Protein chains: 2
Amino acid sequence: MRTPYGLNIIDDCVACPVREDHLFCNLQPGALQRLNGIKSTAVYPKSAVLFIEGQQPRGIFVLCAGKVKLSTSSKEGKTIITKLSCSGDVLGLNATMSNRPYEVTAEMVEAGQANFIARDAFVSFLREFGEVAVRVAEQLSRNYYTAHEEIKILGLATSPSEKLAKLLLAWTDEAKDPAKKLQLRLTLTHEEIAEMIGTTRETVSRLFSDFKKKQLVQVKGVTLTIRDKAALQRMLQS
Amino acid sequence: MRTPYGLNIIDDCVACPVREDHLFCNLQPGALQRLNGIKSTAVYPKSAVLFIEGQQPRGIFVLCAGKVKLSTSSKEGKTIITKLSCSGDVLGLNATMSNRPYEVTAEMVEAGQANFIARDAFVSFLREFGEVAVRVAEQLSRNYYTAHEEIKILGLATSPSEKLAKLLLAWTDEAKDPAKKLQLRLTLTHEEIAEMIGTTRETVSRLFSDFKKKQLVQVKGVTLTIRDKAALQRMLQS
DNA sequence: AGGATTTTGTGATTAAAATCACACTGCGCC
DNA sequence: GGCGCAGTGTGATTTTAATCACAAAATCCT
């Protein structure tokens, strides 16, 4: 089954090619069946917005394919990107569980597919299957962990160079293929990278120039290669 | 029952004078009984440390009395205080649920009492009482929410003055007594306040001078009074 | 392919807070 | 009461990255 955006729809959660630690992996059959009953699948093009900061939570989105940028903004238009989510991630879980407004905006940066589960259905599903509630709690604590990492980057890192080094290293750590451990695809603009580390576009540009000059990294097209991982690690101190 | 630190021990969770939204409030009798069986109570003096950033999680601490400072530090010794916890708060829940190291250090800033529940006992307790797992999930999502607020302060706030204004307003919002809505006890040093908003002690000193000069606040001993709340609110923009 | 629009690179200038330095205050304590 | 010390106030200086400005390069689009 093909869609307007050139994606294959994944119809069955069981077949969803997501990570091992997926929130809904290896559920008892009853729970899985119930889950398939309350979910609804949709496909989103690039730049589609799943939800907006401040909206009342409608429910959760389980990302099956594509990439999502989570961001939050001040009234003055300054924006920070708090996370880039990929397939397997659950979006809107915190807001849905605490029934407070979505605290971030979720925007597709790569077209993809997500399963939506409405809040009411999800909450009664949890009450019915306590085992899943424990899984949700684990997922939430991981979310918290990530948020805490962000706090440490923003609050403890001294210089923008340190923050960029940290970001690049974190990105390489995400690589699955060990052969490509030192390579990553730069899909974000300098502006967006700046929004991830709380600095300005110009500073990011200068930092990249600097890193290249110092032979720390090499950029060819959209591929960035870490040439001196040790040096990058020496730059960070937290 | 009195303790060496001049505190009354609270022996029964049911009698614990905590907030309404406490994690373990209004539990089914069976759960409560079980909870009382697995908890152990201890009393802590000022400066006592409940757990340290990086330690393997031993379990959770339910604060019954006293105040706790949660902080995280960089290798270079720079510290940020992420939260001040008061009675009713659950400490170490994230680390315990995700079985990752405690991400913060918890230190008593006011002597108090806490109930400790070991990780294993807590996890099986949750599996047995699914209802409680949902409560835990709600608590975790609230924690996340707070962390996200912190991210917004650190990442979006433009100036230290804005951050301090935000902090003072947040503190006044915590007051229970409506008559004292505009007063708060300054128990932290300028140094610690600086650690909460990611700036330096000198800057905090200067900001307070500035706020006083502009008639925004008044300080008498340890009591700070907000004189112009509207003006403080106008300073923040996110 | 070619024009439009983003995105990036880089210099010059400015603004803002960190840092350094040191005096002062208030408080606990013997 | 006065010693000692943690905490505070404030000036002078320095550092750093934000801001402003504009050109160059890359990309998107039909």
# chains A, B, ... in the order shown; residues from 1 in each chain; ligands from 1
>>> calpha_fit_and_write(fixed="chain B", moving="chain A", output="PDB file with C-alpha atoms, in the first residue's frame")
ATOM      1  CA  MET A   1       8.304  10.815  69.680  1.00  0.00           C
ATOM      2  CA  ARG A   2      11.149  13.299  69.399  1.00  0.00           C
ATOM      3  CA  THR A   3      14.382  12.958  67.504  1.00  0.00           C
ATOM      4  CA  PRO A   4      17.884  14.352  67.924  1.00  0.00           C
ATOM      5  CA  TYR A   5      17.081  17.087  65.413  1.00  0.00           C
ATOM      6  CA  GLY A   6      14.012  18.330  67.197  1.00  0.00           C
ATOM      7  CA  LEU A   7      11.516  16.811  64.828  1.00  0.00           C
ATOM      8  CA  ASN A   8       8.472  14.743  65.522  1.00  0.00           C
ATOM      9  CA  ILE A   9       8.593  11.432  63.759  1.00  0.00           C
ATOM     10  CA  ILE A  10       5.543  10.703  61.674  1.00  0.00           C
ATOM     11  CA  ASP A  11       5.036   6.998  61.910  1.00  0.00           C
ATOM     12  CA  ASP A  12       2.041   6.359  59.752  1.00  0.00           C
ATOM     13  CA  CYS A  13       1.792   7.382  56.136  1.00  0.00           C
ATOM     14  CA  VAL A  14      -1.927   7.911  56.550  1.00  0.00           C
ATOM     15  CA  ALA A  15      -1.273  10.573  59.156  1.00  0.00           C
ATOM     16  CA  CYS A  16       1.477  12.207  57.108  1.00  0.00           C
ATOM     17  CA  PRO A  17       0.493  15.861  56.703  1.00  0.00           C
ATOM     18  CA  VAL A  18       1.326  16.002  53.038  1.00  0.00           C
ATOM     19  CA  ARG A  19      -0.270  17.627  50.081  1.00  0.00           C
ATOM     20  CA  GLU A  20      -3.486  16.438  48.558  1.00  0.00           C
ATOM     21  CA  ASP A  21      -1.869  15.364  45.337  1.00  0.00           C
ATOM     22  CA  HIS A  22       0.574  13.136  47.120  1.00  0.00           C
ATOM     23  CA  LEU A  23       1.555  10.062  45.169  1.00  0.00           C
ATOM     24  CA  PHE A  24       0.244   7.679  47.806  1.00  0.00           C
ATOM     25  CA  CYS A  25      -2.833   9.534  48.995  1.00  0.00           C
ATOM     26  CA  ASN A  26      -6.227   7.836  48.945  1.00  0.00           C
ATOM     27  CA  LEU A  27      -4.895   4.436  48.047  1.00  0.00           C
ATOM     28  CA  GLN A  28      -7.021   1.353  48.340  1.00  0.00           C
ATOM     29  CA  PRO A  29      -6.538  -0.067  51.857  1.00  0.00           C
ATOM     30  CA  GLY A  30      -4.610  -3.119  50.674  1.00  0.00           C
ATOM     31  CA  ALA A  31      -2.078  -1.010  48.818  1.00  0.00           C
ATOM     32  CA  LEU A  32      -1.618   1.315  51.756  1.00  0.00           C
ATOM     33  CA  GLN A  33      -1.038  -1.550  54.136  1.00  0.00           C
ATOM     34  CA  ARG A  34       1.485  -3.101  51.787  1.00  0.00           C
ATOM     35  CA  LEU A  35       3.192   0.275  51.406  1.00  0.00           C
ATOM     36  CA  ASN A  36       3.540   0.683  55.154  1.00  0.00           C
ATOM     37  CA  GLY A  37       5.132  -2.752  55.209  1.00  0.00           C
ATOM     38  CA  ILE A  38       7.882  -1.981  52.709  1.00  0.00           C
ATOM     39  CA  LYS A  39       8.742   1.568  53.746  1.00  0.00           C
ATOM     40  CA  SER A  40      11.331   2.517  56.300  1.00  0.00           C
ATOM     41  CA  THR A  41      11.432   5.903  57.947  1.00  0.00           C
ATOM     42  CA  ALA A  42      14.493   7.973  58.699  1.00  0.00           C
ATOM     43  CA  VAL A  43      15.197  11.461  59.967  1.00  0.00           C
ATOM     44  CA  TYR A  44      17.829  13.625  58.352  1.00  0.00           C
ATOM     45  CA  PRO A  45      19.673  16.688  59.675  1.00  0.00           C
ATOM     46  CA  LYS A  46      20.424  19.735  57.596  1.00  0.00           C
ATOM     47  CA  SER A  47      23.081  19.024  54.937  1.00  0.00           C
ATOM     48  CA  ALA A  48      22.382  15.286  55.025  1.00  0.00           C
ATOM     49  CA  VAL A  49      22.597  13.774  51.567  1.00  0.00           C
ATOM     50  CA  LEU A  50      19.907  11.305  50.511  1.00  0.00           C
ATOM     51  CA  PHE A  51      21.628  10.280  47.318  1.00  0.00           C
ATOM     52  CA  ILE A  52      24.323  11.465  44.988  1.00  0.00           C
ATOM     53  CA  GLU A  53      24.262  12.047  41.245  1.00  0.00           C
ATOM     54  CA  GLY A  54      25.667   9.017  39.467  1.00  0.00           C
ATOM     55  CA  GLN A  55      24.881   6.444  42.169  1.00  0.00           C
ATOM     56  CA  GLN A  56      22.924   3.360  41.187  1.00  0.00           C
ATOM     57  CA  PRO A  57      19.339   3.877  42.316  1.00  0.00           C
ATOM     58  CA  ARG A  58      18.603   2.183  45.627  1.00  0.00           C
ATOM     59  CA  GLY A  59      14.987   3.253  45.754  1.00  0.00           C
ATOM     60  CA  ILE A  60      12.690   6.196  46.300  1.00  0.00           C
ATOM     61  CA  PHE A  61      12.393   8.674  49.156  1.00  0.00           C
ATOM     62  CA  VAL A  62       9.027  10.143  50.072  1.00  0.00           C
ATOM     63  CA  LEU A  63       9.663  13.398  51.836  1.00  0.00           C
ATOM     64  CA  CYS A  64       7.399  13.871  54.865  1.00  0.00           C
ATOM     65  CA  ALA A  65       9.028  16.929  56.386  1.00  0.00           C
ATOM     66  CA  GLY A  66      11.927  19.227  55.639  1.00  0.00           C
ATOM     67  CA  LYS A  67      13.298  20.682  52.430  1.00  0.00           C
ATOM     68  CA  VAL A  68      15.594  19.110  49.892  1.00  0.00           C
ATOM     69  CA  LYS A  69      17.786  20.705  47.275  1.00  0.00           C
ATOM     70  CA  LEU A  70      18.241  18.756  44.043  1.00  0.00           C
ATOM     71  CA  SER A  71      21.334  19.657  42.096  1.00  0.00           C
ATOM     72  CA  THR A  72      23.630  18.480  39.366  1.00  0.00           C
ATOM     73  CA  SER A  73      27.239  19.432  38.723  1.00  0.00           C
ATOM     74  CA  SER A  74      29.780  19.460  35.950  1.00  0.00           C
ATOM     75  CA  LYS A  75      33.236  18.010  36.360  1.00  0.00           C
ATOM     76  CA  GLU A  76      34.568  21.543  36.731  1.00  0.00           C
ATOM     77  CA  GLY A  77      32.465  22.104  39.819  1.00  0.00           C
ATOM     78  CA  LYS A  78      29.817  24.295  38.283  1.00  0.00           C
ATOM     79  CA  THR A  79      26.491  23.404  39.875  1.00  0.00           C
ATOM     80  CA  ILE A  80      22.868  23.968  38.995  1.00  0.00           C
ATOM     81  CA  ILE A  81      20.017  23.509  41.414  1.00  0.00           C
ATOM     82  CA  THR A  82      17.205  21.949  39.454  1.00  0.00           C
ATOM     83  CA  LYS A  83      14.540  21.896  42.144  1.00  0.00           C
ATOM     84  CA  LEU A  84      13.719  22.546  45.763  1.00  0.00           C
ATOM     85  CA  SER A  85      11.533  19.759  47.063  1.00  0.00           C
ATOM     86  CA  CYS A  86       9.200  19.986  50.004  1.00  0.00           C
ATOM     87  CA  SER A  87       7.046  17.562  51.939  1.00  0.00           C
ATOM     88  CA  GLY A  88       4.973  15.280  49.774  1.00  0.00           C
ATOM     89  CA  ASP A  89       7.522  15.153  46.988  1.00  0.00           C
ATOM     90  CA  VAL A  90       8.905  11.841  45.863  1.00  0.00           C
ATOM     91  CA  LEU A  91      12.647  11.815  45.256  1.00  0.00           C
ATOM     92  CA  GLY A  92      14.601   9.434  43.094  1.00  0.00           C
ATOM     93  CA  LEU A  93      11.506   8.180  41.308  1.00  0.00           C
ATOM     94  CA  ASN A  94      12.850   8.643  37.796  1.00  0.00           C
ATOM     95  CA  ALA A  95      16.141   6.920  38.452  1.00  0.00           C
ATOM     96  CA  THR A  96      14.397   4.112  40.304  1.00  0.00           C
ATOM     97  CA  MET A  97      11.838   3.512  37.571  1.00  0.00           C
ATOM     98  CA  SER A  98      14.315   3.595  34.703  1.00  0.00           C
ATOM     99  CA  ASN A  99      17.046   1.879  36.723  1.00  0.00           C
ATOM    100  CA  ARG A 100      19.591   4.427  35.654  1.00  0.00           C
ATOM    101  CA  PRO A 101      21.894   6.306  38.023  1.00  0.00           C
ATOM    102  CA  TYR A 102      20.374   9.091  40.104  1.00  0.00           C
ATOM    103  CA  GLU A 103      20.635  12.088  37.828  1.00  0.00           C
ATOM    104  CA  VAL A 104      20.804  14.601  40.681  1.00  0.00           C
ATOM    105  CA  THR A 105      22.148  14.928  44.196  1.00  0.00           C
ATOM    106  CA  ALA A 106      19.551  15.324  46.950  1.00  0.00           C
ATOM    107  CA  GLU A 107      20.675  17.291  49.988  1.00  0.00           C
ATOM    108  CA  MET A 108      18.601  18.405  52.957  1.00  0.00           C
ATOM    109  CA  VAL A 109      18.521  22.185  53.276  1.00  0.00           C
ATOM    110  CA  GLU A 110      16.107  21.928  56.182  1.00  0.00           C
ATOM    111  CA  ALA A 111      16.149  18.963  58.555  1.00  0.00           C
ATOM    112  CA  GLY A 112      13.308  16.554  57.912  1.00  0.00           C
ATOM    113  CA  GLN A 113      11.991  13.074  57.572  1.00  0.00           C
ATOM    114  CA  ALA A 114      11.615  10.733  54.642  1.00  0.00           C
ATOM    115  CA  ASN A 115      10.255   7.276  53.970  1.00  0.00           C
ATOM    116  CA  PHE A 116      12.530   5.069  51.957  1.00  0.00           C
ATOM    117  CA  ILE A 117      11.236   2.303  49.703  1.00  0.00           C
ATOM    118  CA  ALA A 118      13.809  -0.007  48.158  1.00  0.00           C
ATOM    119  CA  ARG A 119      13.707  -0.435  44.404  1.00  0.00           C
ATOM    120  CA  ASP A 120      12.844  -4.143  44.287  1.00  0.00           C
ATOM    121  CA  ALA A 121      10.040  -3.832  46.790  1.00  0.00           C
ATOM    122  CA  PHE A 122       8.706  -0.782  45.003  1.00  0.00           C
ATOM    123  CA  VAL A 123       8.717  -2.371  41.571  1.00  0.00           C
ATOM    124  CA  SER A 124       6.852  -5.478  42.721  1.00  0.00           C
ATOM    125  CA  PHE A 125       4.468  -3.249  44.649  1.00  0.00           C
ATOM    126  CA  LEU A 126       3.708  -1.458  41.386  1.00  0.00           C
ATOM    127  CA  ARG A 127       3.185  -4.674  39.480  1.00  0.00           C
ATOM    128  CA  GLU A 128       0.776  -5.819  42.140  1.00  0.00           C
ATOM    129  CA  PHE A 129      -1.191  -2.583  42.262  1.00  0.00           C
ATOM    130  CA  GLY A 130      -1.580  -1.335  38.713  1.00  0.00           C
ATOM    131  CA  GLU A 131      -3.575   1.633  39.923  1.00  0.00           C
ATOM    132  CA  VAL A 132      -0.487   2.913  41.688  1.00  0.00           C
ATOM    133  CA  ALA A 133       1.557   2.491  38.514  1.00  0.00           C
ATOM    134  CA  VAL A 134      -0.782   4.941  36.820  1.00  0.00           C
ATOM    135  CA  ARG A 135      -0.237   7.355  39.707  1.00  0.00           C
ATOM    136  CA  VAL A 136       3.497   6.957  39.318  1.00  0.00           C
ATOM    137  CA  ALA A 137       3.180   7.670  35.617  1.00  0.00           C
ATOM    138  CA  GLU A 138       1.248  10.832  36.416  1.00  0.00           C
ATOM    139  CA  GLN A 139       3.879  11.902  38.921  1.00  0.00           C
ATOM    140  CA  LEU A 140       6.642  11.243  36.408  1.00  0.00           C
ATOM    141  CA  SER A 141       4.924  13.313  33.797  1.00  0.00           C
ATOM    142  CA  ARG A 142       4.666  16.147  36.310  1.00  0.00           C
ATOM    143  CA  ASN A 143       8.378  15.787  36.945  1.00  0.00           C
ATOM    144  CA  TYR A 144       8.939  16.040  33.244  1.00  0.00           C
ATOM    145  CA  TYR A 145       6.805  19.120  33.134  1.00  0.00           C
ATOM    146  CA  THR A 146       8.940  20.791  35.775  1.00  0.00           C
ATOM    147  CA  ALA A 147      12.093  19.794  33.926  1.00  0.00           C
ATOM    148  CA  HIS A 148      10.652  21.336  30.818  1.00  0.00           C
ATOM    149  CA  GLU A 149       9.960  24.571  32.644  1.00  0.00           C
ATOM    150  CA  GLU A 150      13.607  24.563  33.671  1.00  0.00           C
ATOM    151  CA  ILE A 151      14.644  24.056  30.065  1.00  0.00           C
ATOM    152  CA  LYS A 152      12.563  27.028  29.040  1.00  0.00           C
ATOM    153  CA  ILE A 153      14.121  29.177  31.741  1.00  0.00           C
ATOM    154  CA  LEU A 154      17.643  28.193  30.791  1.00  0.00           C
ATOM    155  CA  GLY A 155      17.198  28.098  27.047  1.00  0.00           C
ATOM    156  CA  LEU A 156      14.722  30.835  26.260  1.00  0.00           C
ATOM    157  CA  ALA A 157      15.146  33.501  28.891  1.00  0.00           C
ATOM    158  CA  THR A 158      17.269  36.226  27.506  1.00  0.00           C
ATOM    159  CA  SER A 159      18.665  38.069  30.495  1.00  0.00           C
ATOM    160  CA  PRO A 160      19.486  37.161  34.088  1.00  0.00           C
ATOM    161  CA  SER A 161      17.028  39.805  35.253  1.00  0.00           C
ATOM    162  CA  GLU A 162      14.264  38.021  33.408  1.00  0.00           C
ATOM    163  CA  LYS A 163      15.235  34.733  34.981  1.00  0.00           C
ATOM    164  CA  LEU A 164      15.290  36.164  38.484  1.00  0.00           C
ATOM    165  CA  ALA A 165      11.911  37.780  37.977  1.00  0.00           C
ATOM    166  CA  LYS A 166      10.557  34.448  36.802  1.00  0.00           C
ATOM    167  CA  LEU A 167      12.011  32.647  39.799  1.00  0.00           C
ATOM    168  CA  LEU A 168      10.576  35.108  42.295  1.00  0.00           C
ATOM    169  CA  LEU A 169       7.153  34.918  40.688  1.00  0.00           C
ATOM    170  CA  ALA A 170       7.276  31.122  40.678  1.00  0.00           C
ATOM    171  CA  TRP A 171       8.131  31.182  44.372  1.00  0.00           C
ATOM    172  CA  THR A 172       5.255  33.451  45.285  1.00  0.00           C
ATOM    173  CA  ASP A 173       2.901  31.199  43.354  1.00  0.00           C
ATOM    174  CA  GLU A 174       3.804  28.378  45.725  1.00  0.00           C
ATOM    175  CA  ALA A 175       2.476  30.216  48.759  1.00  0.00           C
ATOM    176  CA  LYS A 176      -0.535  28.560  50.312  1.00  0.00           C
ATOM    177  CA  ASP A 177      -1.691  31.382  52.557  1.00  0.00           C
ATOM    178  CA  PRO A 178      -3.360  33.929  50.286  1.00  0.00           C
ATOM    179  CA  ALA A 179      -2.487  36.716  52.706  1.00  0.00           C
ATOM    180  CA  LYS A 180       1.185  36.009  52.106  1.00  0.00           C
ATOM    181  CA  LYS A 181       0.924  35.680  48.358  1.00  0.00           C
ATOM    182  CA  LEU A 182       3.468  38.422  47.892  1.00  0.00           C
ATOM    183  CA  GLN A 183       5.878  37.386  50.587  1.00  0.00           C
ATOM    184  CA  LEU A 184       8.486  34.714  50.595  1.00  0.00           C
ATOM    185  CA  ARG A 185      11.270  33.592  52.845  1.00  0.00           C
ATOM    186  CA  LEU A 186      14.661  33.916  51.233  1.00  0.00           C
ATOM    187  CA  THR A 187      16.337  30.827  52.616  1.00  0.00           C
ATOM    188  CA  LEU A 188      18.823  30.483  49.793  1.00  0.00           C
ATOM    189  CA  THR A 189      22.049  32.406  49.479  1.00  0.00           C
ATOM    190  CA  HIS A 190      22.687  34.549  46.431  1.00  0.00           C
ATOM    191  CA  GLU A 191      25.135  31.890  45.361  1.00  0.00           C
ATOM    192  CA  GLU A 192      22.395  29.253  45.404  1.00  0.00           C
ATOM    193  CA  ILE A 193      19.943  31.515  43.623  1.00  0.00           C
ATOM    194  CA  ALA A 194      22.606  32.037  40.985  1.00  0.00           C
ATOM    195  CA  GLU A 195      22.853  28.269  40.644  1.00  0.00           C
ATOM    196  CA  MET A 196      19.122  28.090  40.086  1.00  0.00           C
ATOM    197  CA  ILE A 197      19.065  30.545  37.210  1.00  0.00           C
ATOM    198  CA  GLY A 198      22.447  29.796  35.699  1.00  0.00           C
ATOM    199  CA  THR A 199      24.310  32.968  36.478  1.00  0.00           C
ATOM    200  CA  THR A 200      26.889  34.208  38.982  1.00  0.00           C
ATOM    201  CA  ARG A 201      26.575  35.304  42.582  1.00  0.00           C
ATOM    202  CA  GLU A 202      27.664  38.857  41.773  1.00  0.00           C
ATOM    203  CA  THR A 203      25.015  39.175  39.114  1.00  0.00           C
ATOM    204  CA  VAL A 204      22.336  38.052  41.563  1.00  0.00           C
ATOM    205  CA  SER A 205      23.552  40.593  44.125  1.00  0.00           C
ATOM    206  CA  ARG A 206      23.423  43.348  41.563  1.00  0.00           C
ATOM    207  CA  LEU A 207      19.995  42.258  40.400  1.00  0.00           C
ATOM    208  CA  PHE A 208      18.601  42.401  43.913  1.00  0.00           C
ATOM    209  CA  SER A 209      20.077  45.875  44.410  1.00  0.00           C
ATOM    210  CA  ASP A 210      18.520  46.850  41.146  1.00  0.00           C
ATOM    211  CA  PHE A 211      15.113  45.378  41.939  1.00  0.00           C
ATOM    212  CA  LYS A 212      15.114  47.166  45.306  1.00  0.00           C
ATOM    213  CA  LYS A 213      16.108  50.458  43.740  1.00  0.00           C
ATOM    214  CA  LYS A 214      13.312  50.122  41.218  1.00  0.00           C
ATOM    215  CA  GLN A 215      10.860  49.380  44.046  1.00  0.00           C
ATOM    216  CA  LEU A 216      10.013  45.998  42.602  1.00  0.00           C
ATOM    217  CA  VAL A 217      10.802  44.160  45.804  1.00  0.00           C
ATOM    218  CA  GLN A 218      11.571  44.904  49.426  1.00  0.00           C
ATOM    219  CA  VAL A 219      13.785  42.797  51.665  1.00  0.00           C
ATOM    220  CA  LYS A 220      13.490  42.800  55.433  1.00  0.00           C
ATOM    221  CA  GLY A 221      15.623  40.130  57.073  1.00  0.00           C
ATOM    222  CA  VAL A 222      14.824  36.872  55.332  1.00  0.00           C
ATOM    223  CA  THR A 223      11.454  38.099  54.116  1.00  0.00           C
ATOM    224  CA  LEU A 224      11.157  39.340  50.597  1.00  0.00           C
ATOM    225  CA  THR A 225       8.034  41.202  49.591  1.00  0.00           C
ATOM    226  CA  ILE A 226       6.965  41.753  46.014  1.00  0.00           C
ATOM    227  CA  ARG A 227       6.010  45.401  45.702  1.00  0.00           C
ATOM    228  CA  ASP A 228       5.299  45.537  42.003  1.00  0.00           C
ATOM    229  CA  LYS A 229       4.218  42.180  40.695  1.00  0.00           C
ATOM    230  CA  ALA A 230       2.973  43.624  37.424  1.00  0.00           C
ATOM    231  CA  ALA A 231       6.378  45.100  36.656  1.00  0.00           C
ATOM    232  CA  LEU A 232       8.042  41.770  37.352  1.00  0.00           C
ATOM    233  CA  GLN A 233       5.593  40.040  35.062  1.00  0.00           C
ATOM    234  CA  ARG A 234       6.304  42.549  32.354  1.00  0.00           C
ATOM    235  CA  MET A 235       9.965  41.563  32.514  1.00  0.00           C
ATOM    236  CA  LEU A 236       9.363  38.013  31.431  1.00  0.00           C
ATOM    237  CA  GLN A 237       8.297  37.023  28.002  1.00  0.00           C
ATOM    238  CA  SER A 238       7.937  33.285  27.736  1.00  0.00           C
TER     239      SER A 238
END
>>> select_by_dssp(residues="region 20-201 of chain B", states="helix (DSSP H, G or I)", output="ChimeraX atom specification")
/B:29-38,93-98,119-128,130-156,160-174,178-180,190-197,201
>>> select_by_dssp(residues="region 10-235 of chain B", states="strand (DSSP E)", output="JSON, numbers by chain")
{"B": [39, 40, 41, 42, 43, 44, 49, 50, 51, 59, 60, 61, 62, 63, 64, 65, 66, 67, 68, 69, 70, 71, 72, 73, 79, 80, 81, 82, 83, 84, 85, 90, 91, 105, 106, 107, 108, 109, 110, 111, 112, 113, 114, 115, 116, 117, 118, 183, 184, 185, 217, 218, 219, 220, 223, 224, 225, 226]}
>>> write_last_selection(atoms="C-alpha atoms", output="short mmCIF file (atom, residue, chain, number, x, y, z; two decimals), in the first residue's frame")
data_model
loop_
_atom_site.label_atom_id
_atom_site.label_comp_id
_atom_site.auth_asym_id
_atom_site.auth_seq_id
_atom_site.Cartn_x
_atom_site.Cartn_y
_atom_site.Cartn_z
CA LYS B 39 8.72 1.55 53.72
CA SER B 40 11.29 2.52 56.29
CA THR B 41 11.40 5.89 57.94
CA ALA B 42 14.44 7.98 58.69
CA VAL B 43 15.14 11.45 59.95
CA TYR B 44 17.78 13.65 58.35
CA VAL B 49 22.57 13.78 51.57
CA LEU B 50 19.87 11.32 50.53
CA PHE B 51 21.60 10.29 47.34
CA GLY B 59 14.98 3.26 45.75
CA ILE B 60 12.67 6.20 46.30
CA PHE B 61 12.37 8.68 49.14
CA VAL B 62 9.01 10.14 50.05
CA LEU B 63 9.63 13.40 51.82
CA CYS B 64 7.36 13.85 54.84
CA ALA B 65 8.98 16.91 56.37
CA GLY B 66 11.88 19.23 55.62
CA LYS B 67 13.26 20.70 52.43
CA VAL B 68 15.56 19.13 49.91
CA LYS B 69 17.77 20.72 47.29
CA LEU B 70 18.22 18.78 44.05
CA SER B 71 21.32 19.68 42.11
CA THR B 72 23.62 18.49 39.38
CA SER B 73 27.22 19.45 38.74
CA THR B 79 26.47 23.44 39.88
CA ILE B 80 22.85 23.99 39.01
CA ILE B 81 20.02 23.52 41.45
CA THR B 82 17.19 21.97 39.48
CA LYS B 83 14.54 21.91 42.15
CA LEU B 84 13.71 22.57 45.78
CA SER B 85 11.51 19.77 47.06
CA VAL B 90 8.89 11.84 45.84
CA LEU B 91 12.63 11.81 45.25
CA THR B 105 22.13 14.95 44.22
CA ALA B 106 19.53 15.35 46.96
CA GLU B 107 20.65 17.31 50.00
CA MET B 108 18.56 18.43 52.95
CA VAL B 109 18.47 22.21 53.29
CA GLU B 110 16.06 21.94 56.20
CA ALA B 111 16.10 18.97 58.54
CA GLY B 112 13.26 16.55 57.91
CA GLN B 113 11.95 13.06 57.56
CA ALA B 114 11.58 10.73 54.63
CA ASN B 115 10.21 7.29 53.95
CA PHE B 116 12.50 5.09 51.93
CA ILE B 117 11.22 2.30 49.71
CA ALA B 118 13.80 -0.01 48.16
CA GLN B 183 5.99 37.46 50.68
CA LEU B 184 8.60 34.79 50.70
CA ARG B 185 11.41 33.69 52.92
CA VAL B 217 10.83 44.20 45.80
CA GLN B 218 11.65 44.97 49.41
CA VAL B 219 13.88 42.89 51.65
CA LYS B 220 13.63 42.91 55.41
CA THR B 223 11.59 38.19 54.17
CA LEU B 224 11.26 39.42 50.63
CA THR B 225 8.11 41.27 49.65
CA ILE B 226 7.01 41.79 46.07
#
>>> interface_residues(of="chain D", to="chain A", cutoff="10 Å", atoms="only C-alpha atoms (C1' of nucleotides)", output="PyMOL selection string")
chain D and resi 16-19
>>> write_last_selection(atoms="N, CA and C atoms (P, O5', C5', C4', C3', O3' and C1' of nucleotides)", output="PDB file, in the first residue's frame")
ATOM      1  P    DT D  16      37.167  34.089  26.401  1.00  0.00           P
ATOM      2  O5'  DT D  16      35.664  34.024  25.925  1.00  0.00           O
ATOM      3  C5'  DT D  16      34.623  34.261  26.876  1.00  0.00           C
ATOM      4  C4'  DT D  16      33.363  34.582  26.140  1.00  0.00           C
ATOM      5  C3'  DT D  16      33.303  33.986  24.738  1.00  0.00           C
ATOM      6  O3'  DT D  16      32.229  33.097  24.738  1.00  0.00           O
ATOM      7  C1'  DT D  16      32.632  36.293  24.745  1.00  0.00           C
ATOM      8  P    DA D  17      32.016  31.995  23.635  1.00  0.00           P
ATOM      9  O5'  DA D  17      30.687  32.534  22.953  1.00  0.00           O
ATOM     10  C5'  DA D  17      29.587  32.768  23.805  1.00  0.00           C
ATOM     11  C4'  DA D  17      28.745  33.886  23.270  1.00  0.00           C
ATOM     12  C3'  DA D  17      28.139  33.611  21.889  1.00  0.00           C
ATOM     13  O3'  DA D  17      26.831  34.099  21.911  1.00  0.00           O
ATOM     14  C1'  DA D  17      29.235  35.660  21.841  1.00  0.00           C
ATOM     15  P    DA D  18      25.696  33.550  21.026  1.00  0.00           P
ATOM     16  O5'  DA D  18      24.804  34.866  20.855  1.00  0.00           O
ATOM     17  C5'  DA D  18      24.466  35.602  22.014  1.00  0.00           C
ATOM     18  C4'  DA D  18      24.139  37.022  21.632  1.00  0.00           C
ATOM     19  C3'  DA D  18      23.237  37.153  20.414  1.00  0.00           C
ATOM     20  O3'  DA D  18      22.221  38.110  20.686  1.00  0.00           O
ATOM     21  C1'  DA D  18      25.262  38.347  20.057  1.00  0.00           C
ATOM     22  P    DT D  19      21.054  38.336  19.669  1.00  0.00           P
ATOM     23  O5'  DT D  19      21.556  39.565  18.779  1.00  0.00           O
ATOM     24  C5'  DT D  19      22.049  40.722  19.422  1.00  0.00           C
ATOM     25  C4'  DT D  19      22.642  41.660  18.387  1.00  0.00           C
ATOM     26  C3'  DT D  19      21.843  41.791  17.088  1.00  0.00           C
ATOM     27  O3'  DT D  19      21.489  43.159  16.943  1.00  0.00           O
ATOM     28  C1'  DT D  19      24.154  41.538  16.655  1.00  0.00           C
TER      29       DT D  19
END
>>> residues_around(residues="DA21 (chain D)", least_positions_apart="6", cutoff="12 Å", atoms="only C-alpha atoms (C1' of nucleotides)", output="NGL selection string")
:C and (10-13)
>>> write_last_selection(atoms="C-alpha atoms (C1' of nucleotides)", output="PDB file, in the first residue's frame")
ATOM      1  C1'  DT C  10      32.831  36.008   7.639  1.00  0.00           C
ATOM      2  C1'  DG C  11      34.056  40.696   9.028  1.00  0.00           C
ATOM      3  C1'  DA C  12      33.157  44.758  12.179  1.00  0.00           C
ATOM      4  C1'  DT C  13      30.901  46.377  16.084  1.00  0.00           C
TER       5       DT C  13
END
